[in-house]
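One structure is given below, encoded as structure tokens.
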Amino acid sequence: MSDCIFCKIVAGELPSENVYETDDVLAFRDIRPQAPVHVLVIPKKHIQSAHHVAPEDAELVGRLHMAAQHVAEELGIAKDGYRLVTNIGWHGQQTVPHLHYHLIGGRQLQWPPG
Ligand code: 5GP
Ligand code: ZN
């Protein structure tokens, strides 16, 4: 989508600090990290949110999860654990309407969220 910042990152039109990339998935560091590791894992295809995933996206979403696992291993947070979270819509406080998982770790996280 032309006015989507994550589509622009995928297209290389905006800078990003990439940590992992495949044909259909990109992982890059969040611009405002909330923990020592804060990576966004996104499909290159524009999908508005996790609620907008269609049946034909099922394999892609599977690959998104495999990418998240891979990044967690590569960045050394898999053993101690981490959080994989996706915000949806207004009440979910989603600010970028392109499906993304926050991969957050490297410190003890709190629960529940606000
Ligand atoms: P949301 O609020 O939609 O769950 O998450 C959006 C995330 O994208 C936020 O954590 C925010 O810091 C991050 N973000 C927003 N704009 C940019 C950007 O241009 N580059 C990067 N790397 N992260 C961004
Ligand atoms: Zn997009």
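Chain labels follow the order of the structure tokens: the first chain is A, the next B, and so on; residue numbering restarts at 1 in every chain, and ligands are counted from 1 in their shown order.
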
Show me which residues are within 12 Å of ligand 2 counting only C-alpha atoms and all ligand atoms, and format the list as a short mmCIF file (atom, residue, chain, number, x, y, z; two decimals) with N, CA and C atoms, in the first residue's frame.
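Final output, saved to result.cif:
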```
data_model
loop_
_atom_site.label_atom_id
_atom_site.label_comp_id
_atom_site.auth_asym_id
_atom_site.auth_seq_id
_atom_site.Cartn_x
_atom_site.Cartn_y
_atom_site.Cartn_z
N MET A 1 0.86 -1.19 0.00
CA MET A 1 0.00 0.00 0.00
C MET A 1 0.89 1.24 0.00
N SER A 2 0.61 2.22 -0.82
CA SER A 2 1.56 3.29 -1.09
C SER A 2 1.81 4.21 0.11
N ASP A 3 0.80 4.40 0.99
CA ASP A 3 1.02 5.31 2.12
C ASP A 3 1.30 4.57 3.43
N CYS A 4 1.68 3.32 3.35
CA CYS A 4 1.94 2.51 4.55
C CYS A 4 3.44 2.53 4.85
N ILE A 5 3.81 2.93 6.08
CA ILE A 5 5.24 3.06 6.37
C ILE A 5 5.96 1.71 6.34
N PHE A 6 5.28 0.65 6.74
CA PHE A 6 5.97 -0.65 6.71
C PHE A 6 6.12 -1.15 5.27
N CYS A 7 5.16 -0.85 4.39
CA CYS A 7 5.35 -1.18 2.97
C CYS A 7 6.52 -0.39 2.41
N LYS A 8 6.69 0.85 2.88
CA LYS A 8 7.83 1.66 2.41
C LYS A 8 9.15 1.08 2.92
N ILE A 9 9.15 0.56 4.14
CA ILE A 9 10.36 -0.10 4.65
C ILE A 9 10.66 -1.34 3.81
N VAL A 10 9.62 -2.13 3.51
CA VAL A 10 9.81 -3.32 2.66
C VAL A 10 10.40 -2.92 1.31
N ALA A 11 9.92 -1.80 0.76
CA ALA A 11 10.36 -1.35 -0.57
C ALA A 11 11.72 -0.67 -0.52
N LEU A 26 10.02 -9.88 6.67
CA LEU A 26 11.11 -8.98 7.06
C LEU A 26 11.05 -8.75 8.57
N ILE A 42 7.33 -8.79 10.17
CA ILE A 42 6.18 -8.45 9.32
C ILE A 42 6.18 -9.29 8.04
N PRO A 43 4.97 -9.51 7.49
CA PRO A 43 4.92 -10.06 6.13
C PRO A 43 5.19 -8.92 5.15
N LYS A 44 5.89 -9.22 4.06
CA LYS A 44 6.10 -8.17 3.06
C LYS A 44 4.78 -7.78 2.40
N LYS A 45 3.87 -8.72 2.33
CA LYS A 45 2.53 -8.44 1.80
C LYS A 45 1.78 -7.54 2.78
N HIS A 46 1.08 -6.53 2.26
CA HIS A 46 0.30 -5.67 3.13
C HIS A 46 -0.97 -6.39 3.59
N ILE A 47 -1.02 -6.64 4.89
CA ILE A 47 -2.23 -7.17 5.54
C ILE A 47 -2.48 -6.23 6.70
N GLN A 48 -3.69 -5.73 6.84
CA GLN A 48 -3.96 -4.65 7.80
C GLN A 48 -3.65 -5.03 9.25
N SER A 49 -4.04 -6.21 9.66
CA SER A 49 -3.79 -6.65 11.04
C SER A 49 -4.00 -8.16 11.09
N VAL A 96 0.32 1.22 13.55
CA VAL A 96 0.71 1.03 12.14
C VAL A 96 -0.16 -0.08 11.56
N PRO A 97 -1.03 0.26 10.60
CA PRO A 97 -2.00 -0.72 10.09
C PRO A 97 -1.41 -1.66 9.03
N HIS A 98 -0.32 -2.31 9.39
CA HIS A 98 0.30 -3.37 8.59
C HIS A 98 0.69 -4.44 9.60
N LEU A 99 0.14 -5.63 9.45
CA LEU A 99 0.38 -6.72 10.40
C LEU A 99 1.85 -6.80 10.83
N HIS A 100 2.06 -6.79 12.15
CA HIS A 100 3.42 -6.96 12.67
C HIS A 100 3.37 -7.60 14.04
#
```

Name the residues of chain A that fall into strand (DSSP E or B) according to DSSP on the backbone, using the chain letters and numbers of this document, as a compact mmCIF listing (two decimals) with C-alpha atoms, in the first residue's frame.
```txt
# COMPACT_ATOMS: atom_id res chain seq x y z
CA ASN A 18 16.99 -5.30 9.38
CA VAL A 19 17.86 -8.41 11.36
CA TYR A 20 16.31 -11.09 9.13
CA GLU A 21 14.77 -11.28 5.68
CA VAL A 25 9.03 -11.83 5.62
CA LEU A 26 11.11 -8.98 7.06
CA ALA A 27 12.31 -8.42 10.64
CA PHE A 28 13.75 -5.08 11.71
CA ARG A 29 14.44 -3.25 14.96
CA VAL A 37 15.52 -6.63 22.08
CA HIS A 38 12.51 -5.16 20.29
CA VAL A 39 12.10 -6.37 16.73
CA LEU A 40 9.10 -6.10 14.41
CA VAL A 41 8.39 -9.18 12.32
CA ILE A 42 6.18 -8.45 9.32
CA PRO A 43 4.92 -10.06 6.13
CA TYR A 82 10.35 -13.39 25.32
CA ARG A 83 7.03 -11.95 24.22
CA LEU A 84 5.47 -12.15 20.77
CA VAL A 85 2.53 -9.80 20.56
CA TYR A 101 4.54 -9.00 15.63
CA HIS A 102 6.50 -7.26 18.34
CA LEU A 103 9.30 -9.62 19.42
CA ILE A 104 10.32 -8.25 22.81
CA GLY A 105 12.88 -9.63 25.22
```

All residues within 6 Å of ligand 1 are required, counting only C-alpha atoms and all ligand atoms; please report them as an MDAnalysis selection string.
chainID A and resid 16 29:32 87 93:96

Based on DSSP run over this structure's backbone, return all residues of chain A in alpha helix (DSSP H), as a ChimeraX atom specification.
/A:5-10,58-74

For the residues in that selection, give me C-alpha atoms as an mmCIF file, in the first residue's frame.
```cif
data_model
loop_
_atom_site.group_PDB
_atom_site.id
_atom_site.type_symbol
_atom_site.label_atom_id
_atom_site.label_comp_id
_atom_site.auth_asym_id
_atom_site.auth_seq_id
_atom_site.Cartn_x
_atom_site.Cartn_y
_atom_site.Cartn_z
ATOM 1 C CA ILE A 5 5.239 3.063 6.370
ATOM 2 C CA PHE A 6 5.972 -0.655 6.707
ATOM 3 C CA CYS A 7 5.347 -1.176 2.969
ATOM 4 C CA LYS A 8 7.827 1.659 2.411
ATOM 5 C CA ILE A 9 10.361 -0.100 4.651
ATOM 6 C CA VAL A 10 9.809 -3.321 2.661
ATOM 7 C CA ALA A 58 -2.273 -19.216 6.406
ATOM 8 C CA GLU A 59 1.092 -20.444 5.093
ATOM 9 C CA LEU A 60 2.505 -16.919 5.137
ATOM 10 C CA VAL A 61 1.504 -16.469 8.778
ATOM 11 C CA GLY A 62 3.145 -19.796 9.556
ATOM 12 C CA ARG A 63 6.354 -18.529 7.979
ATOM 13 C CA LEU A 64 6.006 -15.323 10.007
ATOM 14 C CA HIS A 65 6.024 -17.417 13.179
ATOM 15 C CA MET A 66 8.999 -19.442 12.023
ATOM 16 C CA ALA A 67 10.829 -16.169 11.317
ATOM 17 C CA ALA A 68 10.038 -14.905 14.821
ATOM 18 C CA GLN A 69 11.445 -18.113 16.329
ATOM 19 C CA HIS A 70 14.548 -17.797 14.191
ATOM 20 C CA VAL A 71 15.159 -14.167 15.192
ATOM 21 C CA ALA A 72 14.658 -15.002 18.887
ATOM 22 C CA GLU A 73 17.298 -17.734 18.584
ATOM 23 C CA GLU A 74 19.689 -15.533 16.612
#
```

Which one of A:Leu75, A:Arg107, A:Ala50, A:Asp24 sits closest to Gly92 in chain A if you count only C-alpha atoms?
A:Ala50

Go ahead and compute the interatomic distance for CA of Lys79 in chain A and CA of Trp111 in chain A, in Å to one decimal.
19.0 Å
